[in-house]
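Chemist: Below is the file target_3.txt, which contains compact mmCIF, C-alpha atoms.
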```
# COMPACT_ATOMS: atom_id res chain seq x y z
CA MET U 1 21.95 8.65 22.19
CA THR U 2 18.35 9.40 23.13
CA ALA U 3 16.82 8.05 26.30
CA PRO U 4 14.19 5.30 26.23
CA VAL U 5 10.55 6.16 26.78
CA SER U 6 8.96 5.59 30.15
CA GLY U 7 8.69 1.93 30.95
CA GLN U 8 11.93 0.03 31.20
CA GLY U 9 12.40 -2.79 28.75
CA SER U 10 10.07 -1.27 26.17
CA GLY U 11 12.94 -1.16 23.69
CA LEU U 12 11.51 2.04 22.17
CA VAL U 13 13.49 5.23 21.69
CA GLY U 14 12.10 8.51 23.05
CA GLY U 15 12.42 11.94 21.47
CA PRO U 16 12.62 12.81 17.77
CA LEU U 17 14.00 10.41 15.19
CA ARG U 18 17.77 10.36 14.94
CA ALA U 19 19.28 11.64 11.68
CA ARG U 20 19.86 8.14 10.29
CA ASP U 21 16.33 7.04 11.13
CA LEU U 22 14.85 10.25 9.75
CA LEU U 23 16.66 9.54 6.49
CA ALA U 24 15.28 5.97 6.50
CA ALA U 25 11.73 7.29 6.97
CA LEU U 26 12.17 9.73 4.08
CA VAL U 27 13.57 6.94 1.87
CA VAL U 28 10.45 4.85 2.57
CA VAL U 29 8.16 7.77 1.73
CA ILE U 30 9.95 8.30 -1.59
CA LEU U 31 10.00 4.57 -2.42
CA TRP U 32 6.28 4.22 -1.76
CA GLY U 33 5.36 7.48 -3.47
CA VAL U 34 7.25 6.68 -6.70
CA ASN U 35 5.84 3.14 -6.48
CA PHE U 36 2.69 4.26 -8.33
CA VAL U 37 4.66 5.65 -11.28
CA ALA U 38 6.49 2.32 -11.54
CA MET U 39 3.10 0.59 -11.73
CA LYS U 40 2.06 2.83 -14.62
CA TRP U 41 5.30 2.10 -16.47
CA GLY U 42 4.94 -1.63 -15.88
CA LEU U 43 1.36 -1.65 -17.18
CA ARG U 44 2.58 -0.37 -20.54
CA SER U 45 4.12 -3.79 -21.23
CA PHE U 46 2.24 -6.16 -18.91
CA SER U 47 -1.43 -6.76 -18.26
CA PRO U 48 -2.57 -6.14 -14.65
CA PHE U 49 -2.48 -9.88 -13.88
CA GLN U 50 0.92 -10.36 -15.52
CA LEU U 51 2.38 -7.41 -13.59
CA GLY U 52 0.96 -8.85 -10.37
CA ALA U 53 2.59 -12.22 -10.97
CA ALA U 54 5.93 -10.63 -11.90
CA ARG U 55 5.88 -8.27 -8.90
CA TYR U 56 5.33 -10.99 -6.32
CA LEU U 57 7.67 -13.48 -7.94
CA CYS U 58 10.34 -10.79 -7.79
CA ALA U 59 9.46 -9.96 -4.16
CA ALA U 60 9.64 -13.61 -3.09
CA LEU U 61 12.83 -14.61 -4.91
CA PRO U 62 15.50 -15.14 -3.83
CA LEU U 63 14.54 -14.19 -0.24
CA VAL U 64 12.36 -17.27 0.39
CA LEU U 65 15.57 -19.29 -0.02
CA LEU U 66 17.29 -17.23 2.68
CA VAL U 67 14.56 -16.43 5.22
CA ARG U 68 12.87 -19.08 7.35
CA PRO U 69 9.07 -19.35 7.22
CA PRO U 70 7.24 -17.42 9.97
CA ARG U 71 6.22 -19.43 13.03
CA MET U 72 2.47 -19.37 12.55
CA HIS U 73 -0.38 -21.30 10.98
CA TRP U 74 -0.16 -21.25 7.19
CA ARG U 75 -3.74 -20.03 6.81
CA TRP U 76 -2.67 -16.54 7.89
CA VAL U 77 0.12 -16.48 5.31
CA VAL U 78 -2.28 -17.62 2.56
CA LEU U 79 -5.06 -15.19 3.54
CA PHE U 80 -2.65 -12.26 3.75
CA GLY U 81 -1.19 -13.13 0.34
CA LEU U 82 -4.65 -13.35 -1.23
CA PHE U 83 -6.02 -10.12 0.26
CA GLN U 84 -2.87 -7.98 0.07
CA GLY U 85 -1.57 -9.46 -3.19
CA VAL U 86 -4.36 -10.66 -5.44
CA GLY U 87 -6.98 -8.38 -3.87
CA GLN U 88 -5.21 -5.08 -3.27
CA PHE U 89 -2.91 -5.03 -6.26
CA GLY U 90 -5.21 -6.92 -8.58
CA PHE U 91 -7.87 -4.21 -8.18
CA LEU U 92 -5.31 -1.39 -8.14
CA PHE U 93 -3.51 -2.52 -11.31
CA ILE U 94 -6.80 -2.90 -13.19
CA GLY U 95 -7.91 0.51 -11.92
CA LEU U 96 -4.69 2.12 -13.14
CA LYS U 97 -5.20 0.43 -16.49
CA VAL U 98 -8.83 1.46 -17.08
CA GLY U 99 -8.61 5.04 -15.81
CA MET U 100 -6.70 6.21 -12.73
CA THR U 101 -3.63 8.42 -12.48
CA ALA U 102 -0.64 7.39 -10.38
CA GLY U 103 -0.93 10.52 -8.23
CA LEU U 104 -4.61 10.09 -7.37
CA ALA U 105 -4.11 6.38 -6.75
CA SER U 106 -1.50 7.23 -4.11
CA VAL U 107 -4.15 9.35 -2.33
CA LEU U 108 -7.15 7.07 -2.69
CA LEU U 109 -5.29 3.99 -1.52
CA GLN U 110 -4.78 5.69 1.85
CA THR U 111 -8.51 5.26 2.51
CA GLN U 112 -7.45 1.79 3.70
CA VAL U 113 -7.14 3.47 7.11
CA PHE U 114 -10.90 4.01 7.23
CA PHE U 115 -11.82 0.64 5.72
CA THR U 116 -9.62 -0.93 8.39
CA ALA U 117 -11.57 0.94 11.07
CA LEU U 118 -14.91 -0.22 9.62
CA PHE U 119 -13.79 -3.84 9.32
CA GLY U 120 -12.22 -3.71 12.78
CA PHE U 121 -15.50 -2.51 14.25
CA ALA U 122 -17.54 -5.15 12.41
CA LEU U 123 -15.22 -8.13 12.94
CA LEU U 124 -13.10 -7.31 15.99
CA ARG U 125 -15.48 -5.03 17.90
CA GLU U 126 -12.90 -2.24 17.90
CA ARG U 127 -14.74 1.01 18.61
CA PRO U 128 -13.35 4.06 16.77
CA GLY U 129 -12.38 7.06 18.91
CA PRO U 130 -13.36 10.69 18.17
CA PRO U 131 -10.33 11.45 15.92
CA LEU U 132 -11.09 8.41 13.76
CA ARG U 133 -14.78 9.29 13.56
CA TRP U 134 -13.99 12.85 12.46
CA GLY U 135 -11.44 11.49 10.01
CA MET U 136 -14.01 9.19 8.45
CA VAL U 137 -16.41 12.11 8.00
CA LEU U 138 -13.70 14.14 6.23
CA ALA U 139 -12.75 11.15 4.08
CA ALA U 140 -16.39 10.64 3.07
CA LEU U 141 -16.60 14.29 2.00
CA GLY U 142 -13.38 13.79 0.05
CA LEU U 143 -14.88 10.85 -1.82
CA VAL U 144 -17.91 13.00 -2.67
CA CYS U 145 -15.52 15.52 -4.23
CA PHE U 146 -13.87 12.76 -6.26
CA ALA U 147 -17.30 11.60 -7.44
CA MET U 148 -18.16 15.18 -8.49
CA ASN U 149 -15.27 14.93 -10.93
CA TYR U 150 -17.49 12.59 -13.00
CA VAL U 151 -20.87 14.30 -12.62
CA GLY U 152 -19.97 17.95 -12.04
CA PRO U 153 -19.13 20.71 -14.54
CA GLY U 154 -16.17 19.86 -16.77
CA SER U 155 -16.42 16.12 -16.21
CA GLY U 156 -14.88 14.07 -19.01
CA VAL U 157 -12.89 17.03 -20.32
CA GLY U 158 -9.17 17.79 -20.04
CA VAL U 159 -7.54 16.65 -16.81
CA ALA U 160 -10.83 15.21 -15.55
CA ALA U 161 -10.87 12.75 -18.45
CA ALA U 162 -7.64 11.10 -17.25
CA THR U 163 -9.62 9.15 -14.65
CA THR U 164 -12.82 7.14 -14.91
CA LEU U 165 -15.48 6.15 -12.40
CA ALA U 166 -14.46 2.52 -12.91
CA GLY U 167 -10.86 3.42 -12.08
CA LEU U 168 -12.00 5.22 -8.93
CA LEU U 169 -14.14 2.32 -7.72
CA LEU U 170 -11.48 -0.29 -8.48
CA THR U 171 -8.86 1.72 -6.57
CA LEU U 172 -11.21 1.94 -3.58
CA CYS U 173 -11.71 -1.84 -3.83
CA GLY U 174 -7.92 -2.15 -3.65
CA ALA U 175 -7.92 -0.03 -0.49
CA ALA U 176 -10.63 -2.26 1.00
CA MET U 177 -8.53 -5.35 0.24
CA TRP U 178 -5.52 -3.71 1.90
CA ALA U 179 -7.70 -3.12 4.95
CA SER U 180 -8.74 -6.78 4.90
CA SER U 181 -5.08 -7.80 4.94
CA ASN U 182 -4.60 -5.52 7.97
CA ILE U 183 -7.34 -7.44 9.79
CA VAL U 184 -5.63 -10.72 8.86
CA SER U 185 -2.38 -9.38 10.33
CA ARG U 186 -4.13 -8.51 13.59
CA LEU U 187 -5.74 -11.93 13.84
CA ALA U 188 -2.39 -13.55 13.07
CA GLN U 189 -0.78 -11.52 15.86
CA GLN U 190 -3.45 -12.73 18.28
CA GLN U 191 -2.86 -16.34 17.32
CA SER U 192 0.96 -16.14 16.96
CA PRO U 193 2.31 -13.26 19.07
CA GLY U 194 5.76 -12.01 18.16
CA PHE U 195 5.97 -13.50 14.65
CA ASP U 196 8.59 -12.05 12.30
CA PRO U 197 6.69 -9.57 10.07
CA LEU U 198 9.36 -9.49 7.36
CA ALA U 199 9.37 -13.28 7.01
CA PHE U 200 5.57 -13.12 7.00
CA VAL U 201 5.53 -10.72 4.03
CA ILE U 202 8.26 -12.56 2.10
CA TRP U 203 6.55 -15.93 2.32
CA ALA U 204 3.11 -14.42 1.71
CA SER U 205 4.54 -12.98 -1.52
CA LEU U 206 4.60 -16.51 -2.95
CA VAL U 207 0.82 -16.85 -2.56
CA PRO U 208 -0.38 -14.40 -5.27
CA VAL U 209 1.91 -15.71 -8.01
CA LEU U 210 -0.14 -18.75 -9.11
CA PRO U 211 -3.55 -16.99 -8.83
CA PHE U 212 -2.24 -14.11 -10.96
CA VAL U 213 -0.84 -16.58 -13.53
CA ALA U 214 -4.19 -18.40 -13.61
CA LEU U 215 -6.15 -15.14 -14.01
CA SER U 216 -3.83 -14.10 -16.83
CA ALA U 217 -4.29 -17.46 -18.57
CA VAL U 218 -8.08 -17.09 -18.41
CA PHE U 219 -8.58 -13.38 -19.14
CA ASP U 220 -5.51 -12.14 -21.06
CA PRO U 221 -5.86 -12.89 -24.78
CA ASP U 222 -2.08 -12.73 -25.24
CA ALA U 223 -1.18 -14.93 -22.26
CA ALA U 224 0.18 -17.72 -24.48
CA ARG U 225 2.96 -15.46 -25.77
CA TRP U 226 4.77 -15.85 -22.45
CA LEU U 227 5.47 -19.48 -23.38
CA GLN U 228 7.99 -18.15 -25.93
CA TRP U 229 11.40 -16.95 -24.83
CA GLN U 230 11.36 -14.13 -27.40
CA THR U 231 8.54 -12.45 -25.48
CA PHE U 232 10.81 -11.94 -22.47
CA VAL U 233 13.53 -10.53 -24.73
CA ASP U 234 11.11 -8.08 -26.37
CA VAL U 235 9.91 -6.55 -23.08
CA PRO U 236 11.50 -3.08 -22.69
CA LEU U 237 14.14 -2.62 -20.03
CA LEU U 238 11.96 0.02 -18.32
CA ALA U 239 9.23 -2.57 -17.77
CA TRP U 240 11.66 -5.03 -16.15
CA ALA U 241 13.08 -2.19 -14.06
CA SER U 242 9.52 -1.41 -12.90
CA VAL U 243 9.00 -5.02 -11.84
CA ALA U 244 12.29 -5.02 -9.92
CA TYR U 245 11.37 -1.73 -8.26
CA LEU U 246 7.92 -2.98 -7.24
CA GLY U 247 9.22 -6.29 -5.92
CA TRP U 248 12.48 -5.37 -4.23
CA ALA U 249 12.53 -1.62 -3.59
CA ALA U 250 8.90 -0.82 -2.74
CA THR U 251 8.02 -4.16 -1.12
CA ILE U 252 11.15 -5.57 0.52
CA VAL U 253 13.37 -2.51 1.16
CA GLY U 254 10.48 -0.20 2.00
CA TYR U 255 8.79 -2.67 4.31
CA ALA U 256 12.05 -3.65 6.04
CA LEU U 257 12.96 -0.02 6.79
CA TRP U 258 9.43 0.81 7.98
CA THR U 259 9.22 -2.25 10.22
CA ASN U 260 12.62 -1.46 11.71
CA LEU U 261 11.42 2.04 12.62
CA LEU U 262 8.22 0.70 14.20
CA GLN U 263 10.24 -1.74 16.27
CA ARG U 264 12.37 1.05 17.78
CA TYR U 265 10.05 4.08 17.97
CA PRO U 266 6.44 4.57 19.14
CA ALA U 267 3.96 4.22 16.28
CA ASN U 268 2.78 7.82 16.72
CA ARG U 269 6.31 9.01 15.88
CA VAL U 270 6.57 6.91 12.72
CA ALA U 271 3.02 6.86 11.29
CA PRO U 272 2.82 10.60 10.42
CA PHE U 273 5.46 10.09 7.74
CA SER U 274 2.92 8.08 5.74
CA LEU U 275 1.02 11.34 5.17
CA ALA U 276 3.81 12.39 2.80
CA VAL U 277 3.32 9.36 0.50
CA PRO U 278 0.43 10.98 -1.45
CA VAL U 279 2.45 14.19 -1.75
CA VAL U 280 5.35 12.27 -3.31
CA GLY U 281 2.91 10.26 -5.44
CA LEU U 282 1.23 13.37 -6.84
CA THR U 283 4.58 15.08 -7.46
CA ALA U 284 6.07 12.00 -9.15
CA GLY U 285 2.98 11.62 -11.36
CA TRP U 286 3.26 15.27 -12.38
CA LEU U 287 7.01 15.21 -13.07
CA LEU U 288 7.42 11.75 -14.59
CA LEU U 289 4.05 11.14 -16.26
CA ASP U 290 2.86 14.71 -16.91
CA GLU U 291 -0.31 14.05 -14.90
CA GLY U 292 -2.59 16.91 -13.93
CA VAL U 293 -5.21 17.27 -11.20
CA ALA U 294 -8.71 18.69 -11.72
CA PRO U 295 -10.25 21.20 -9.23
CA TRP U 296 -12.68 18.68 -7.71
CA GLN U 297 -9.82 16.23 -7.33
CA TRP U 298 -7.72 18.83 -5.48
CA ALA U 299 -10.63 19.32 -3.06
CA GLY U 300 -10.90 15.56 -2.54
CA ILE U 301 -7.14 15.26 -2.01
CA ALA U 302 -7.18 18.04 0.61
CA LEU U 303 -10.03 16.39 2.53
CA VAL U 304 -8.48 12.90 2.44
CA VAL U 305 -5.08 14.21 3.62
CA ALA U 306 -6.84 16.21 6.36
CA ALA U 307 -8.70 13.05 7.37
CA LEU U 308 -5.45 11.08 7.57
CA ALA U 309 -3.84 13.85 9.63
CA CYS U 310 -6.83 13.76 11.97
CA VAL U 311 -6.49 10.00 12.45
CA VAL U 312 -2.70 9.95 12.85
CA LEU U 313 -2.17 13.11 14.89
CA GLY U 314 -5.54 13.38 16.65
CA PRO U 315 -4.91 10.79 19.41
CA LYS U 316 -1.58 12.41 20.28
CA ILE U 317 -3.16 15.88 20.54
CA GLN U 318 -6.06 14.45 22.52
CA ALA U 319 -3.66 12.78 24.97
CA LYS U 320 -1.70 16.01 25.46
CA MET U 321 -4.89 17.96 26.14
CA ALA U 322 -6.00 15.33 28.68
CA SER U 323 -2.64 15.36 30.47
CA SER U 324 -2.59 19.15 30.72
CA ALA U 325 -6.15 19.37 32.01
```
If you convert what's in this file into structure tokens, what do you get?
Modeler:
Amino acid sequence: MTAPVSGQGSGLVGGPLRARDLLAALVVVILWGVNFVAMKWGLRSFSPFQLGAARYLCAALPLVLLVRPPRMHWRWVVLFGLFQGVGQFGFLFIGLKVGMTAGLASVLLQTQVFFTALFGFALLRERPGPPLRWGMVLAALGLVCFAMNYVGPGSGVGVAAATTLAGLLLTLCGAAMWASSNIVSRLAQQQSPGFDPLAFVIWASLVPVLPFVALSAVFDPDAARWLQWQTFVDVPLLAWASVAYLGWAATIVGYALWTNLLQRYPANRVAPFSLAVPVVGLTAGWLLLDEGVAPWQWAGIALVVAALACVVLGPKIQAKMASSA
């Protein structure tokens, strides 16, 4: 058994991840990477709003009957559910529908790291350190490369035609909403220290269901068909499997494993594994959906992944350099 890190009572484990925990981290990476393919499959049978309602209903039930509500003011639960549910996945699902591949979505959604930094600076007065500043520069260059896919040579042809500017912008809006939910989580932690994060997510999963149902009723021309039982019978098994995957595997299992790792290891030991999510997402999109990647998109992917590596690994390298000086 590995020794604890310096500071008795921290409860954190020092050294590399044990074999069981390393396997758990890899399972999370795979669950979250394949998550985007499941979204694409689900959108073949559901509208974006219908898939959102089904995903969160599946994530909430039956766990809300088994897990006690988090000990905090309900406004944080509602705000988190609106930003992370209706905001993040509402924009993302529409983006995937109008023109975004699963693989590129897995990369672009990681820009939430930089939106979180911007919102944290504006709302919480959190000043970004040098690694984050360099990471934001690299991410900005990456977004320029993605934009060149629509204005540069070969735009709208072949692989480049699989994505649209609207899909790109909507996916970035989803990342911004994810960042907003991160700010809500920080404010909730300030107001209610030590709340149970898993209970928080489970109960917040109830919040997006009614807004998604209302949006579907207003904007989906076929919304009334869900009042007939035959509609549920006619939905392909793959679509229902996608809903179950999104609700239980990607949301509940993935989040539970990730939270458990963060509770027992320093964040700088766990966070680097998130860099592999876009790799799995791109690979899954290629293998399962036959998605390709255009040259400008490869350049953007490389810059965004480099930016994430700078943010995640930079502080650790900086601390080592300072300690050896």
Chemist: Using CA of Val305 in chain U and CA of Lys320 in chain U as the two end points, give the distance in Å to one decimal.
Modeler: 22.2 Å
Chemist: In the coordinates of the file, take the point (13.6, -4.6, -15.1) and a cut-off of 12 Å; then, counting only C-alpha atoms, name each qualifying protein, DNA or RNA residue as a list of chain:residue names.
Modeler: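 Every polymer residue passing the test: U:Ala38, U:Trp41, U:Gly42, U:Ser45, U:Leu51, U:Ala54, U:Arg55, U:Cys58, U:Phe232, U:Val233, U:Val235, U:Pro236, U:Leu237, U:Leu238, U:Ala239, U:Trp240, U:Ala241, U:Ser242, U:Val243, U:Ala244, U:Tyr245, U:Leu246, U:Gly247, U:Trp248, U:Ala249.
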Chemist: In Å, rounded to a single decimal, give me how far CA of Gly254 in chain U is from CA of Met72 in chain U.
Modeler: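 Distance reported for this atom pair: 23.3 Å.
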Chemist: So which one's closest to Leu63 in chain U, U:Ser274, U:Ser205, U:Thr163, U:Thr231? Using only C-alpha atoms, please.
Modeler: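 The closest residue to Leu63 in chain U is U:Ser205.
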Chemist: Could you tell me how far CA of Asn149 in chain U lies from CA of Trp296 in chain U, in Å and to one decimal?
Modeler: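 Taking CA of Asn149 in chain U as the start and CA of Trp296 in chain U as the end point, the length is 5.6 Å.
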Chemist: Could you list, with a cut-off of 12 Å and counting only C-alpha atoms, the residues of range 219-316 of chain U near range 113-120 of chain U, each shown with its nearest atom pair and the distance in Å rounded to one decimal, rows sorted by chain and ascending number, as JSON lines?
Modeler:
```
{"residue": "U:Ala271", "atom": "CA", "partner": "U:Val113", "partner_atom": "CA", "distance": 11.5}
{"residue": "U:Ser274", "atom": "CA", "partner": "U:Val113", "partner_atom": "CA", "distance": 11.2}
{"residue": "U:Leu275", "atom": "CA", "partner": "U:Val113", "partner_atom": "CA", "distance": 11.5}
{"residue": "U:Val304", "atom": "CA", "partner": "U:Phe114", "partner_atom": "CA", "distance": 10.4}
{"residue": "U:Val305", "atom": "CA", "partner": "U:Val113", "partner_atom": "CA", "distance": 11.5}
{"residue": "U:Ala307", "atom": "CA", "partner": "U:Phe114", "partner_atom": "CA", "distance": 9.3}
{"residue": "U:Leu308", "atom": "CA", "partner": "U:Val113", "partner_atom": "CA", "distance": 7.8}
{"residue": "U:Ala309", "atom": "CA", "partner": "U:Val113", "partner_atom": "CA", "distance": 11.2}
{"residue": "U:Cys310", "atom": "CA", "partner": "U:Val113", "partner_atom": "CA", "distance": 11.4}
{"residue": "U:Val311", "atom": "CA", "partner": "U:Val113", "partner_atom": "CA", "distance": 8.5}
{"residue": "U:Val312", "atom": "CA", "partner": "U:Val113", "partner_atom": "CA", "distance": 9.7}
```
